[in-house]
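Enquirer: First the structure, then my questions, so here it is.
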Amino acid sequence: MFITAPSRSARLIEDTSLIFDVALQLAPTGGGNTLLSTLMNLVIFGMIFASFFFGQQIQSRIAILQLDGAVRKLEFIKSDARALALRTIKEIGKPKDDPSPALSGLLEQFFINPVDMDPAGIIGKLDYLLDVRDLKFKADVKKLAPEATDAQVNNLENLVEASWALNLLYKVVRHFYLLGKKTSSFYVILQLQMLLPMIMQEAEAYAGAAKAFARGQPVGDGAGALVASKLMRDHEKREVDKDVMVAETAIEGRRVIALKAKGPGGNVGKPGDAIRTLIEENAGKVAMVVMVDAALKFEGEKTGEITEGIGAAIGGIGTERFKIEAEATKYKIPVYAIIVKESIQEAITPMKKEIAEAANGVVERIKTLVQERTKEGDLVIVAGIGNTVGIAQ
Amino acid sequence: MEAKRGGVYSYLMVIFSVIILAWAVWAMYNAFNFQQQGNTESFYFYAAASSVAIVLAVSSIMQMRRRILLLQSLAVKVLSVILCANCGFKVVRAFAEGDFVYKEVGECQQCKGTMRVDSIYLEEPSKKARP
């Protein structure tokens, strides 16, 4: 006679009965102090102990999990925008070769700011470097899409820039996420986690911008350009400086020169140079400059609200604003600003109805300002600032 | 189509979560009853199960709410307003590829004038006014 090893099924039955035994002991049967209540007490004490001594580590782990999800989402958004850029380049540009490697190269481009240890003359250097960057970027996009028209090249350039921004955003967030994980630094993780809602909002806005540029739809930032286009409509236009169109009109007996970036392709032009040229063309005899732009609203403020102020209303790195301020100071020309309020998401996603409707309100404000602040025969420059995608003149 | 499927899934998940939440409330009520009866084990059992269920259900409802809001934001449409400068005849239609503000899009049906795209904007689904 010999003893065989218990079969697999016999072992399974044995294990199951053991589990049932334990479960019966744990089950709520009514009565006094049993194993379950002791276990519950232990668990509660364990949790209090863990939160005292490992609270930070637990919080870090939870934050890392949340960041992991965000990094994945960012990667998805970035890849989606790249795929959209590639598809649009193929559809519009009809390239002979595969544009994918060249597009990847464009998305990895970088820009080195000029040295600012000796700030004298930095604006000129920065402006020059930005011009070089813009020219190269446009030439690279044109090479990718040889059959695209100028307006389409501008839209594609903006689309690639939105993909570039998403790519950079993804890489920065991934860098800090991996750094925080690698060094187990609670504070690196915490800082990233605190900024995460804003970063994700920005990423979603860029994704929306990419779609708008791919279709050539006006974006919220184009509020200023839309106002200028309303003033320029049906008047003779000419191009001054780089990608800026101007047209002369009249308001209540005053000469009004309206300017905007050349549309309908995605373009912001160089309004600083254009305003300088116009002031110099008229020997400084300009009664006032009115700048119209979209501006960031505070949370709780209404989209499309119009407000007035003083100064050069123009965003960007500051070079254009510098030129306008310098020229206005030189000839003592007052600069007025009219802004249309919107959020950062609204600025780069398709233009909302409230913003489009605000353009008529801004035209009325300009008329009032011109009437109140100038006299008949004066010359006024109205500059519509912003991206002119989807808006002609 | 995909957005519609996603919407149905989200609403089903919300219904499921609400059922779980209702069960959790019932379990919590039972837990308090057991505590008053001095039945500690049943109290612990129901209180723990109810707490876990409440956390899971609320978190699921919150997630689905965000998802529904996202789907609603994706459902927006861009419209082109086409206007005849001559007689003011207005047509509002969905944005078509190649549209831009001041693009000439043909002849006016009423006065044979030139129809132009007057504005292009994004229209969001109307929001219910807050009390």
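Naming works like this for the structure tokens: A, B, ... for the chains as they're shown, residue 1 at the start of each chain, ligands 1 onward in shown order.
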Determine, using only C-alpha atoms, which residues of chain A have any atom at most 10 Å from an atom of chain B, and tabulate each with its shortest atom pair and distance in Å to one decimal place, rows ordered by chain and then rising number, as a Markdown table.
Expert:
```
| residue | atom | partner | partner_atom | distance |
| --- | --- | --- | --- | --- |
| A:Leu26 | CA | B:Glu41 | CA | 8.3 |
| A:Ala27 | CA | B:Glu41 | CA | 7.6 |
| A:Pro28 | CA | B:Ser42 | CA | 4.8 |
| A:Thr29 | CA | B:Glu41 | CA | 7.2 |
| A:Gly30 | CA | B:Asn39 | CA | 5.1 |
| A:Gly31 | CA | B:Asn39 | CA | 5.9 |
| A:Gly32 | CA | B:Thr40 | CA | 7.1 |
| A:Asn33 | CA | B:Thr40 | CA | 7.7 |
| A:Thr34 | CA | B:Glu41 | CA | 7.6 |
| A:Leu35 | CA | B:Glu41 | CA | 9.0 |
| A:Leu36 | CA | B:Glu41 | CA | 6.4 |
| A:Ser37 | CA | B:Glu41 | CA | 6.0 |
| A:Thr38 | CA | B:Glu41 | CA | 9.7 |
| A:Met40 | CA | B:Tyr44 | CA | 7.3 |
| A:Asn41 | CA | B:Tyr44 | CA | 9.8 |
| A:Gln152 | CA | B:Gly98 | CA | 9.8 |
| A:Gly208 | CA | B:Leu74 | CA | 9.8 |
| A:Ala212 | CA | B:Val78 | CA | 9.8 |
| A:Ala214 | CA | B:Glu97 | CA | 9.7 |
| A:Arg215 | CA | B:Glu97 | CA | 6.3 |
| A:Gly216 | CA | B:Gly98 | CA | 7.0 |
| A:Gln217 | CA | B:Phe100 | CA | 7.1 |
| A:Pro218 | CA | B:Ile120 | CA | 6.8 |
| A:Val219 | CA | B:Tyr121 | CA | 8.5 |
| A:Gly220 | CA | B:Tyr121 | CA | 9.1 |
| A:Leu226 | CA | B:Val101 | CA | 8.4 |
| A:Ser229 | CA | B:Tyr102 | CA | 8.9 |
| A:Lys230 | CA | B:Tyr102 | CA | 9.5 |
| A:Arg233 | CA | B:Tyr102 | CA | 8.4 |
| A:Gly263 | CA | B:Phe100 | CA | 9.0 |
| A:Pro264 | CA | B:Phe100 | CA | 6.5 |
| A:Gly265 | CA | B:Phe100 | CA | 9.1 |
| A:Thr349 | CA | B:Leu122 | CA | 9.0 |
| A:Pro350 | CA | B:Leu122 | CA | 6.0 |
| A:Met351 | CA | B:Tyr121 | CA | 5.1 |
| A:Lys352 | CA | B:Leu122 | CA | 4.7 |
| A:Lys353 | CA | B:Tyr121 | CA | 5.1 |
| A:Glu354 | CA | B:Tyr121 | CA | 8.6 |
| A:Ile355 | CA | B:Tyr121 | CA | 8.3 |
| A:Ala356 | CA | B:Tyr121 | CA | 6.5 |
| A:Glu357 | CA | B:Ser119 | CA | 8.9 |
| A:Thr388 | CA | B:Val101 | CA | 9.9 |
| A:Val389 | CA | B:Phe100 | CA | 8.2 |
| A:Gly390 | CA | B:Phe100 | CA | 4.4 |
| A:Ile391 | CA | B:Val101 | CA | 4.7 |
| A:Ala392 | CA | B:Val101 | CA | 5.7 |
| A:Gln393 | CA | B:Tyr102 | CA | 7.3 |
```
Enquirer: Just want the 8 Å neighbourhood of Ala85 of chain B, counted on only C-alpha atoms, with same-chain residues fewer than 5 positions away dropped. Output as a list of chain:residue names.
Expert: B:Gly113, B:Thr114, B:Met115, B:Arg116
Enquirer: Could you pull out all residues of chain B with a DSSP call of helix (DSSP H, G or I) and give them as a PyMOL selection string?
Expert: chain B and resi 2-37+40-74
Enquirer: Chain B: which residues are strand (DSSP E) by DSSP, as a PyMOL selection string?
Expert: chain B and resi 77-84+90-94+104-107+114-123
Enquirer: Would you save the residues from that selection as a PDB file, in the first residue's frame, using C-alpha atoms?
Expert:
```pdb
ATOM      1  CA  LYS B  77     -20.599  73.658 -33.746  1.00  0.00           C
ATOM      2  CA  VAL B  78     -18.987  76.415 -35.752  1.00  0.00           C
ATOM      3  CA  LEU B  79     -21.408  78.460 -37.840  1.00  0.00           C
ATOM      4  CA  SER B  80     -20.907  80.793 -40.803  1.00  0.00           C
ATOM      5  CA  VAL B  81     -23.248  83.770 -41.108  1.00  0.00           C
ATOM      6  CA  ILE B  82     -23.732  84.737 -44.755  1.00  0.00           C
ATOM      7  CA  LEU B  83     -25.112  88.173 -45.427  1.00  0.00           C
ATOM      8  CA  CYS B  84     -26.172  90.125 -48.476  1.00  0.00           C
ATOM      9  CA  LYS B  90     -29.074  86.437 -43.903  1.00  0.00           C
ATOM     10  CA  VAL B  91     -28.282  82.723 -44.012  1.00  0.00           C
ATOM     11  CA  VAL B  92     -26.745  80.842 -41.086  1.00  0.00           C
ATOM     12  CA  ARG B  93     -25.168  77.503 -41.921  1.00  0.00           C
ATOM     13  CA  ALA B  94     -22.482  75.140 -40.596  1.00  0.00           C
ATOM     14  CA  GLU B 104     -17.871  85.816 -51.468  1.00  0.00           C
ATOM     15  CA  VAL B 105     -20.133  82.789 -51.548  1.00  0.00           C
ATOM     16  CA  GLY B 106     -22.496  83.507 -54.418  1.00  0.00           C
ATOM     17  CA  GLU B 107     -25.580  85.416 -55.370  1.00  0.00           C
ATOM     18  CA  THR B 114     -23.284  89.435 -53.573  1.00  0.00           C
ATOM     19  CA  MET B 115     -23.511  87.178 -50.534  1.00  0.00           C
ATOM     20  CA  ARG B 116     -20.482  87.260 -48.237  1.00  0.00           C
ATOM     21  CA  VAL B 117     -19.489  85.437 -45.076  1.00  0.00           C
ATOM     22  CA  ASP B 118     -20.105  88.119 -42.451  1.00  0.00           C
ATOM     23  CA  SER B 119     -18.933  86.252 -39.393  1.00  0.00           C
ATOM     24  CA  ILE B 120     -17.833  82.827 -38.243  1.00  0.00           C
ATOM     25  CA  TYR B 121     -18.389  81.801 -34.658  1.00  0.00           C
ATOM     26  CA  LEU B 122     -18.688  78.895 -32.324  1.00  0.00           C
ATOM     27  CA  GLU B 123     -22.112  78.274 -30.907  1.00  0.00           C
TER      28      GLU B 123
END
```
Enquirer: Which residue out of A:Ala165, A:Ile314, A:Val370, A:Val160 has the minimum interatomic distance to Ala145 of chain A when only C-alpha atoms are used?
Expert: A:Val160
Enquirer: Show which residues sit within 12 Å of Gln201 of chain A, as a list of chain:residue names. Count only C-alpha atoms, and ignore same-chain residues fewer than 3 positions away.
Expert: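 Contacts, with the query itself left out: A:Ala70, A:Lys73, A:Leu74, A:Ile77, A:Leu166, A:Leu169, A:Leu195, A:Leu196, A:Pro197, A:Met198, A:Glu204, A:Ala205, A:Tyr206, A:Ala207, A:Gly208, A:Ser343, A:Ile344, A:Gln345, A:Glu346, A:Ile348, A:Thr349, B:Leu70.
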Enquirer: So, counting only C-alpha atoms, which residue among A:Glu301, A:Glu327, A:Asp150, A:Glu248 is closest to Ile381 of chain A?
Expert: A:Glu248
Enquirer: Can you list, as a short mmCIF file (atom, residue, chain, number, x, y, z; two decimals) with N, CA and C atoms, in the first residue's frame, every protein, DNA or RNA residue that comes within 9 Å of segment 137-140 of chain A when you count only C-alpha atoms, leaving out same-chain residues fewer than 6 positions away?
Expert:
```cif
data_model
loop_
_atom_site.label_atom_id
_atom_site.label_comp_id
_atom_site.auth_asym_id
_atom_site.auth_seq_id
_atom_site.Cartn_x
_atom_site.Cartn_y
_atom_site.Cartn_z
N ALA A 102 10.37 65.04 -41.39
CA ALA A 102 10.62 66.50 -41.38
C ALA A 102 9.73 67.18 -40.34
N LEU A 103 8.49 66.69 -40.21
CA LEU A 103 7.58 67.27 -39.21
C LEU A 103 8.11 67.02 -37.80
N LEU A 106 10.68 69.47 -37.06
CA LEU A 106 10.11 70.80 -36.77
C LEU A 106 9.59 70.88 -35.34
N VAL A 153 -0.35 78.06 -46.10
CA VAL A 153 0.97 77.88 -45.43
C VAL A 153 0.92 78.54 -44.05
N ASN A 154 0.30 79.73 -43.99
CA ASN A 154 0.20 80.41 -42.69
C ASN A 154 -0.62 79.58 -41.70
N LEU A 156 -1.04 76.31 -41.80
CA LEU A 156 -0.24 75.12 -41.46
C LEU A 156 0.85 75.48 -40.47
N GLU A 157 1.44 76.66 -40.64
CA GLU A 157 2.49 77.10 -39.73
C GLU A 157 1.94 77.20 -38.31
#
```
Enquirer: Which residue, A:Ala359, A:Ala85, A:Val173, A:Met232, has the smallest gap to Phe213 of chain A when you use only C-alpha atoms?
Expert: A:Ala85
Enquirer: I'd like the interatomic distance between atom CA of Arg72 of chain A and atom CA of Ile15 of chain B, to a tenth of an Å.
Expert: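 Taking atom CA of Arg72 of chain A and atom CA of Ile15 of chain B, their separation equals 28.1 Å.
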Enquirer: Using only C-alpha atoms for the distances, tell me which of A:Ile92, A:Ala274, A:Leu67, A:Met47 is nearest to Glu147 of chain A.
Expert: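 Ranking A:Ile92, A:Ala274, A:Leu67, A:Met47 by distance to Glu147 of chain A, first place goes to A:Ile92.
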Enquirer: Would you please work out which residue, of A:Ala63, A:Ile338, A:Met194, A:Ala312, is nearest to Ala326 of chain A when using only C-alpha atoms?
Expert: A:Ala312
Enquirer: When you look at segment 285-288 of chain A with a cut-off of 7 Å (counting only C-alpha atoms), what residues show up, excluding the ones that are within fewer than 3 positions of it in the same chain? I need them as a ChimeraX atom specification.
Expert: /A:279,282,333-335,374,378-381
Enquirer: Quick one: residues within 10 Å of Val18 of chain B, only C-alpha atoms, excluding same-chain residues fewer than 6 positions away - as a list in words?
Expert: Leu12, Ala24, Ile54, Ala57, Val58, Ser60 and Ile61 of chain B
Enquirer: Using only C-alpha atoms, please write the residues we just selected to a file, as a tab-separated table (two decimals), in the first residue's frame.
Expert:
```tsv
chain	number	residue	atom	x	y	z
B	12	LEU	CA	-25.53	54.25	-17.75
B	24	ALA	CA	-24.85	52.50	0.53
B	54	ILE	CA	-20.27	55.81	-0.96
B	57	ALA	CA	-20.17	55.84	-6.15
B	58	VAL	CA	-19.44	59.53	-5.51
B	60	SER	CA	-17.67	57.53	-10.22
B	61	ILE	CA	-20.46	60.15	-10.46
```
Enquirer: Expressed in Å to a single decimal, how great is the separation between atom CA of Lys96 of chain A and atom CA of Leu159 of chain A?
Expert: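 Atom-to-atom, atom CA of Lys96 of chain A and atom CA of Leu159 of chain A are spaced 20.4 Å apart.
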Enquirer: Do you have the atom CA of Val246 of chain A-atom CA of Lys260 of chain A distance handy?
Expert: 6.7 Å
Enquirer: Need the shell around Glu239 of chain A: protein/DNA/RNA residues with any atom at most 12 Å away, counting only C-alpha atoms. Skip same-chain ones fewer than 2 positions apart. Format as a list in words?
Expert: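 Residues meeting the cut-off are Glu236, Lys237, Asp241, Lys242, Asp243, Val244, Met245, Val246, Ala247, Ala258, Leu259, Lys260, Ala261, Lys262, Gly263, Gly269, Lys270, Pro271, Asp273, Ala274, Thr277, Leu278 and Gln393 of chain A.
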Enquirer: Pull N, CA and C atoms from the residues just selected and write them as a PDB file, in the first residue's frame.
Expert:
```
ATOM      1  N   GLU A 236      -9.787 100.703 -50.230  1.00  0.00           N
ATOM      2  CA  GLU A 236      -8.563 100.245 -50.913  1.00  0.00           C
ATOM      3  C   GLU A 236      -7.506  99.843 -49.884  1.00  0.00           C
ATOM      4  N   LYS A 237      -6.906  98.692 -50.145  1.00  0.00           N
ATOM      5  CA  LYS A 237      -5.914  98.193 -49.175  1.00  0.00           C
ATOM      6  C   LYS A 237      -4.520  98.167 -49.787  1.00  0.00           C
ATOM      7  N   ASP A 241       4.968  97.030 -44.436  1.00  0.00           N
ATOM      8  CA  ASP A 241       5.833  96.141 -43.657  1.00  0.00           C
ATOM      9  C   ASP A 241       5.426  94.680 -43.789  1.00  0.00           C
ATOM     10  N   LYS A 242       5.876  93.896 -42.846  1.00  0.00           N
ATOM     11  CA  LYS A 242       5.734  92.456 -42.999  1.00  0.00           C
ATOM     12  C   LYS A 242       4.306  91.995 -42.679  1.00  0.00           C
ATOM     13  N   ASP A 243       3.606  91.521 -43.694  1.00  0.00           N
ATOM     14  CA  ASP A 243       2.289  90.904 -43.506  1.00  0.00           C
ATOM     15  C   ASP A 243       1.268  91.777 -42.811  1.00  0.00           C
ATOM     16  N   VAL A 244       1.339  93.086 -42.967  1.00  0.00           N
ATOM     17  CA  VAL A 244       0.329  93.963 -42.365  1.00  0.00           C
ATOM     18  C   VAL A 244      -0.365  94.745 -43.477  1.00  0.00           C
ATOM     19  N   MET A 245      -1.699  94.713 -43.460  1.00  0.00           N
ATOM     20  CA  MET A 245      -2.494  95.407 -44.467  1.00  0.00           C
ATOM     21  C   MET A 245      -3.108  96.659 -43.841  1.00  0.00           C
ATOM     22  N   VAL A 246      -3.163  97.737 -44.619  1.00  0.00           N
ATOM     23  CA  VAL A 246      -3.807  98.954 -44.117  1.00  0.00           C
ATOM     24  C   VAL A 246      -4.822  99.452 -45.134  1.00  0.00           C
ATOM     25  N   ALA A 247      -5.821 100.175 -44.633  1.00  0.00           N
ATOM     26  CA  ALA A 247      -6.814 100.802 -45.510  1.00  0.00           C
ATOM     27  C   ALA A 247      -7.242 102.098 -44.849  1.00  0.00           C
ATOM     28  N   ALA A 258      -6.849 102.107 -40.761  1.00  0.00           N
ATOM     29  CA  ALA A 258      -7.018 100.849 -40.008  1.00  0.00           C
ATOM     30  C   ALA A 258      -6.004  99.841 -40.512  1.00  0.00           C
ATOM     31  N   LEU A 259      -5.460  99.066 -39.599  1.00  0.00           N
ATOM     32  CA  LEU A 259      -4.488  98.048 -40.010  1.00  0.00           C
ATOM     33  C   LEU A 259      -4.728  96.734 -39.285  1.00  0.00           C
ATOM     34  N   LYS A 260      -4.376  95.669 -39.948  1.00  0.00           N
ATOM     35  CA  LYS A 260      -4.465  94.322 -39.373  1.00  0.00           C
ATOM     36  C   LYS A 260      -3.489  93.410 -40.096  1.00  0.00           C
ATOM     37  N   ALA A 261      -3.241  92.248 -39.526  1.00  0.00           N
ATOM     38  CA  ALA A 261      -2.355  91.288 -40.193  1.00  0.00           C
ATOM     39  C   ALA A 261      -3.032  90.782 -41.463  1.00  0.00           C
ATOM     40  N   LYS A 262      -2.216  90.353 -42.417  1.00  0.00           N
ATOM     41  CA  LYS A 262      -2.745  89.926 -43.709  1.00  0.00           C
ATOM     42  C   LYS A 262      -3.470  88.582 -43.567  1.00  0.00           C
ATOM     43  N   GLY A 263      -4.764  88.600 -43.844  1.00  0.00           N
ATOM     44  CA  GLY A 263      -5.553  87.367 -43.750  1.00  0.00           C
ATOM     45  C   GLY A 263      -5.949  86.851 -45.112  1.00  0.00           C
ATOM     46  N   GLY A 269       1.435  89.168 -38.085  1.00  0.00           N
ATOM     47  CA  GLY A 269       2.169  90.269 -38.698  1.00  0.00           C
ATOM     48  C   GLY A 269       3.077  90.970 -37.714  1.00  0.00           C
ATOM     49  N   LYS A 270       3.549  92.170 -38.117  1.00  0.00           N
ATOM     50  CA  LYS A 270       4.393  92.965 -37.227  1.00  0.00           C
ATOM     51  C   LYS A 270       3.785  94.355 -37.110  1.00  0.00           C
ATOM     52  N   PRO A 271       2.709  94.490 -36.300  1.00  0.00           N
ATOM     53  CA  PRO A 271       2.007  95.777 -36.219  1.00  0.00           C
ATOM     54  C   PRO A 271       2.878  96.907 -35.683  1.00  0.00           C
ATOM     55  N   ASP A 273       6.031  97.532 -36.398  1.00  0.00           N
ATOM     56  CA  ASP A 273       6.735  98.111 -37.556  1.00  0.00           C
ATOM     57  C   ASP A 273       5.761  98.912 -38.408  1.00  0.00           C
ATOM     58  N   ALA A 274       4.548  98.370 -38.592  1.00  0.00           N
ATOM     59  CA  ALA A 274       3.557  99.029 -39.449  1.00  0.00           C
ATOM     60  C   ALA A 274       3.146 100.371 -38.856  1.00  0.00           C
ATOM     61  N   THR A 277       5.930 102.831 -39.368  1.00  0.00           N
ATOM     62  CA  THR A 277       5.975 103.280 -40.761  1.00  0.00           C
ATOM     63  C   THR A 277       4.886 104.322 -41.033  1.00  0.00           C
ATOM     64  N   LEU A 278       3.664 104.031 -40.537  1.00  0.00           N
ATOM     65  CA  LEU A 278       2.542 104.954 -40.789  1.00  0.00           C
ATOM     66  C   LEU A 278       2.776 106.304 -40.117  1.00  0.00           C
ATOM     67  N   GLN A 393      -9.543  90.920 -45.242  1.00  0.00           N
ATOM     68  CA  GLN A 393      -9.658  92.344 -44.963  1.00  0.00           C
ATOM     69  C   GLN A 393     -10.489  93.038 -46.052  1.00  0.00           C
TER      70      GLN A 393
END
```
